Every structure is written in C-alpha cells, then in structure tokens.
Amino acid sequence: MIINGFRIHPELLEEVYAERCVLNECLGACCTGGAWLDVEQLKIIVPQVEAIKANLPDDRRDSNAWFSAPAADETAPGGGIIGTNVVADTRRPGDTCCVFLRPDRLCALQVTSQQLGLAYPGLKPLFCALYPLQIHDDEIIIDHETERHFGGATCRRACATMQPLYRVFKEEMQLLLGAEGYRELEALTSNA
C-alpha cells in the first residue's frame, strides 16, 4: 500500500492490544542516544537559541555544546545530518540522554515550540517527532533498534482494545501522510 509516496509497512496494519504511551510516565528511553536532524532543521532552531536556553538547566545552556559536527548525507535536505550531543541522564543512572531532554522528561525544543505558538513539530527534529516511526527507503516502518538498545522505548502500553498500530501512532502517521492521506489509509484498511 502506497499513500502520498510512502509505502506502509505491513506491521503498521497489524492489530495489537496497545495504546499510545502517556507522556508523564515516559522516561525518555528513546532520547538516550540523542537525535539526528538535517541542516534545514538546524536553520529553524538557530534563530530561537535564546528561547531554547531559557528552557534548559543551567549546565546545558552553552549552545556550542548542543550539536556534533555535520556529516555529509546526500539524501538529507541541505546535504548533511547533525547529531545532538548527549549528557548524563539524571533519571536513568548510567545512561545518557539528548542534551535537550530536561530532567522533567520534557523536550526543551518542544516546550519552546509551544511557547512560541509553533505548529507541531515546531523546532523538534522530524526524527524525534516521528518516533517510534521511521522512514526507510520511502517506507514507513516501526523502529525496533532503539527499543533493543534502550529498553522502554516502545511508546506504547497495554490496553483492553485491539487496534492497528497505525492508529496507535496516529499523530506520527498524520505528520507524514497529512490528514487527507491518513483518511485514505483508514478508508483503504476498512475496505480490506
């Protein structure tokens, strides 16, 4: 099945006893290794540095320590990707977390976006906003690697009602497919 140029991996159509995780229960395991963004996303963040600093602990306010050096990637907008640096995770001893993951488990980029009234995902890198979904060769898939390496990074919890995974991750699917594309997905699966 292809919608808006994206193939939908069959796993996303499987029905499971799951619902989306609850943010206030999240320990940010998916943020353990930092995040990736492309050069174009960085250009959106840079003008908001002062606002972002205000949403970080004092020891993380040096914007020169936020990102790694760019790496060439001809598939990324702007021709390169950049990683966020990691710091010791105060809530998960022995682990690291993205420099933007605050001790209250909120993302400073997302908090700043909300304060600025930016539409989702705002300053948050697409890589993060889509998690646990990923795009691989124009196919929308579930990321199982992060969960394997950093336990607790499933973004779902058990519930009594079965539903397809694409509904569990509706917000992420709509971010990729758009509202109309998501309605097309619903229509195609209800007719199957």
# chains A, B, ... in the order shown; residues from 1 in each chain; ligands from 1
call {"tool": "select_by_dssp", "arguments": {"residues": "stretch 61-143 of chain A", "states": "alpha helix (DSSP H)", "output": "PyMOL selection string"}}
result
chain A and resi 108-116+126-130
call {"tool": "write_last_selection", "arguments": {"atoms": "N, CA and C atoms", "output": "PDB file, in the first residue's frame"}}
result
ATOM      1  N   ALA A 108      13.164  20.308  25.549  1.00  0.00           N
ATOM      2  CA  ALA A 108      13.277  21.770  25.535  1.00  0.00           C
ATOM      3  C   ALA A 108      12.869  22.352  24.181  1.00  0.00           C
ATOM      4  N   LEU A 109      13.123  21.620  23.101  1.00  0.00           N
ATOM      5  CA  LEU A 109      12.730  22.111  21.773  1.00  0.00           C
ATOM      6  C   LEU A 109      11.209  22.125  21.638  1.00  0.00           C
ATOM      7  N   GLN A 110      10.557  21.103  22.176  1.00  0.00           N
ATOM      8  CA  GLN A 110       9.103  21.039  22.102  1.00  0.00           C
ATOM      9  C   GLN A 110       8.473  22.082  23.020  1.00  0.00           C
ATOM     10  N   VAL A 111       8.997  22.253  24.225  1.00  0.00           N
ATOM     11  CA  VAL A 111       8.484  23.262  25.153  1.00  0.00           C
ATOM     12  C   VAL A 111       8.620  24.655  24.530  1.00  0.00           C
ATOM     13  N   THR A 112       9.770  24.939  23.953  1.00  0.00           N
ATOM     14  CA  THR A 112       9.997  26.238  23.315  1.00  0.00           C
ATOM     15  C   THR A 112       9.032  26.440  22.152  1.00  0.00           C
ATOM     16  N   SER A 113       8.818  25.402  21.363  1.00  0.00           N
ATOM     17  CA  SER A 113       7.876  25.485  20.237  1.00  0.00           C
ATOM     18  C   SER A 113       6.488  25.862  20.716  1.00  0.00           C
ATOM     19  N   GLN A 114       6.056  25.233  21.809  1.00  0.00           N
ATOM     20  CA  GLN A 114       4.725  25.531  22.348  1.00  0.00           C
ATOM     21  C   GLN A 114       4.658  26.978  22.843  1.00  0.00           C
ATOM     22  N   GLN A 115       5.708  27.430  23.503  1.00  0.00           N
ATOM     23  CA  GLN A 115       5.742  28.817  23.989  1.00  0.00           C
ATOM     24  C   GLN A 115       5.685  29.816  22.838  1.00  0.00           C
ATOM     25  N   LEU A 116       6.306  29.470  21.731  1.00  0.00           N
ATOM     26  CA  LEU A 116       6.336  30.359  20.558  1.00  0.00           C
ATOM     27  C   LEU A 116       5.090  30.219  19.684  1.00  0.00           C
ATOM     28  N   LEU A 126      12.306  16.190  12.959  1.00  0.00           N
ATOM     29  CA  LEU A 126      11.353  15.220  12.429  1.00  0.00           C
ATOM     30  C   LEU A 126      11.664  13.822  12.939  1.00  0.00           C
ATOM     31  N   PHE A 127      12.945  13.475  13.041  1.00  0.00           N
ATOM     32  CA  PHE A 127      13.371  12.175  13.554  1.00  0.00           C
ATOM     33  C   PHE A 127      12.721  11.905  14.909  1.00  0.00           C
ATOM     34  N   CYS A 128      12.689  12.906  15.769  1.00  0.00           N
ATOM     35  CA  CYS A 128      12.109  12.768  17.109  1.00  0.00           C
ATOM     36  C   CYS A 128      10.584  12.765  17.056  1.00  0.00           C
ATOM     37  N   ALA A 129      10.023  13.678  16.292  1.00  0.00           N
ATOM     38  CA  ALA A 129       8.570  13.812  16.229  1.00  0.00           C
ATOM     39  C   ALA A 129       7.911  12.550  15.680  1.00  0.00           C
ATOM     40  N   LEU A 130       8.598  11.814  14.841  1.00  0.00           N
ATOM     41  CA  LEU A 130       8.035  10.601  14.253  1.00  0.00           C
ATOM     42  C   LEU A 130       8.187   9.367  15.126  1.00  0.00           C
TER      43      LEU A 130
END
call {"tool": "residues_around", "arguments": {"residues": "stretch 42-49 of chain A", "least_positions_apart": "4", "cutoff": "9 Å", "atoms": "only C-alpha atoms", "output": "PyMOL selection string"}}
result
chain A and resi 37-38+53-54+63+82+109+112+122-125
call {"tool": "write_last_selection", "arguments": {"atoms": "C-alpha atoms", "output": "short mmCIF file (atom, residue, chain, number, x, y, z; two decimals), in the first residue's frame"}}
result
data_model
loop_
_atom_site.label_atom_id
_atom_site.label_comp_id
_atom_site.auth_asym_id
_atom_site.auth_seq_id
_atom_site.Cartn_x
_atom_site.Cartn_y
_atom_site.Cartn_z
CA LEU A 37 18.43 16.35 12.27
CA ASP A 38 19.28 17.72 8.89
CA LYS A 53 18.37 28.22 26.55
CA ALA A 54 15.69 29.53 28.90
CA SER A 63 24.60 26.33 22.52
CA ILE A 82 23.82 16.63 12.55
CA LEU A 109 12.73 22.11 21.77
CA THR A 112 10.00 26.24 23.32
CA GLY A 122 7.91 23.15 15.52
CA LEU A 123 11.60 23.09 16.48
CA LYS A 124 11.56 19.38 17.28
CA PRO A 125 13.52 17.38 14.69
#
call {"tool": "closest_residue", "arguments": {"among": "A:Leu101, A:Ile140, A:Thr146, A:Met162", "to": "A:Cys26", "atoms": "only C-alpha atoms"}}
result
A:Leu101
call {"tool": "closest_residue", "arguments": {"among": "A:Val168, A:Gly34, A:Ala18, A:Ala88", "to": "A:Asp59", "atoms": "only C-alpha atoms"}}
result
A:Ala88
call {"tool": "select_by_dssp", "arguments": {"residues": "stretch 71-163 of chain A", "states": "strand (DSSP E)", "output": "PyMOL selection string"}}
result
chain A and resi 71-72+80-83+86-88+96-98+133-136+139-142+156-163
call {"tool": "residues_around", "arguments": {"residues": "A:Tyr166", "least_positions_apart": "6", "cutoff": "7 Å", "atoms": "only C-alpha atoms", "output": "PyMOL selection string"}}
result
chain A and resi 12-13+173
call {"tool": "residues_around", "arguments": {"residues": "A:Leu56", "least_positions_apart": "4", "cutoff": "7 Å", "atoms": "only C-alpha atoms", "output": "list in words"}}
result
Ile52, Arg60, Arg61, Arg102 and Ala108 of chain A
call {"tool": "closest_residue", "arguments": {"among": "A:Gly33, A:Gly117, A:Pro132, A:Pro164", "to": "A:Val99", "atoms": "only C-alpha atoms"}}
result
A:Gly33
call {"tool": "atom_distance", "arguments": {"atom1": "atom CA of A:Val86", "atom2": "atom CA of A:Ala51"}}
result
20.0 Å
call {"tool": "atom_distance", "arguments": {"atom1": "atom CA of A:Ala69", "atom2": "atom CA of A:Phe100"}}
result
16.8 Å
call {"tool": "residues_around", "arguments": {"residues": "A:Glu19", "least_positions_apart": "4", "cutoff": "10 Å", "atoms": "only C-alpha atoms", "output": "PDB file with C-alpha atoms, in the first residue's frame"}}
result
ATOM      1  CA  CYS A 155       5.978   4.437  23.112  1.00  0.00           C
ATOM      2  CA  ARG A 156       3.019   2.175  23.836  1.00  0.00           C
ATOM      3  CA  ARG A 157       1.346   0.420  26.696  1.00  0.00           C
ATOM      4  CA  ALA A 158      -1.154  -2.394  27.019  1.00  0.00           C
ATOM      5  CA  CYS A 159      -4.875  -1.772  26.781  1.00  0.00           C
ATOM      6  CA  ALA A 160      -8.017  -3.936  26.530  1.00  0.00           C
ATOM      7  CA  THR A 161      -8.951  -2.958  22.983  1.00  0.00           C
ATOM      8  CA  MET A 162      -7.208  -4.103  19.812  1.00  0.00           C
ATOM      9  CA  GLN A 163      -6.347  -1.544  17.177  1.00  0.00           C
ATOM     10  CA  PRO A 164      -3.905  -1.339  14.269  1.00  0.00           C
ATOM     11  CA  LEU A 165      -0.502   0.168  15.023  1.00  0.00           C
ATOM     12  CA  ARG A 167      -3.948   4.149  14.871  1.00  0.00           C
ATOM     13  CA  VAL A 168      -1.758   3.845  17.968  1.00  0.00           C
ATOM     14  CA  PHE A 169       0.660   6.230  16.238  1.00  0.00           C
TER      15      PHE A 169
END
call {"tool": "closest_residue", "arguments": {"among": "A:Gln41, A:Asp137, A:Glu186, A:Cys31", "to": "A:Asp89", "atoms": "only C-alpha atoms"}}
result
A:Cys31
call {"tool": "atom_distance", "arguments": {"atom1": "atom CA of A:Trp66", "atom2": "atom CA of A:Glu40"}}
result
16.2 Å
call {"tool": "residues_around", "arguments": {"residues": "A:Ile2", "least_positions_apart": "5", "cutoff": "10 Å", "atoms": "only C-alpha atoms", "output": "ChimeraX atom specification"}}
result
/A:7-9,138-140,181,185
call {"tool": "write_last_selection", "arguments": {"atoms": "N, CA and C atoms", "output": "tab-separated table (two decimals), in the first residue's frame"}}
result
chain	number	residue	atom	x	y	z
A	7	ARG	N	5.38	3.95	1.22
A	7	ARG	CA	4.86	2.59	1.41
A	7	ARG	C	4.56	2.42	2.89
A	8	ILE	N	3.47	1.75	3.19
A	8	ILE	CA	3.08	1.50	4.57
A	8	ILE	C	3.50	0.07	4.90
A	9	HIS	N	4.42	-0.09	5.84
A	9	HIS	CA	4.90	-1.43	6.21
A	9	HIS	C	3.74	-2.23	6.79
A	138	ASP	N	11.67	5.23	1.58
A	138	ASP	CA	10.30	5.68	1.31
A	138	ASP	C	9.23	4.75	1.90
A	139	GLU	N	9.60	3.98	2.91
A	139	GLU	CA	8.64	3.11	3.60
A	139	GLU	C	8.55	3.55	5.06
A	140	ILE	N	7.33	3.65	5.56
A	140	ILE	CA	7.12	3.97	6.97
A	140	ILE	C	7.18	2.67	7.75
A	181	GLY	N	-4.18	12.09	3.69
A	181	GLY	CA	-3.51	10.80	3.49
A	181	GLY	C	-3.88	9.80	4.58
A	185	LEU	N	-5.71	6.15	4.24
A	185	LEU	CA	-5.24	4.92	4.89
A	185	LEU	C	-6.39	4.26	5.63
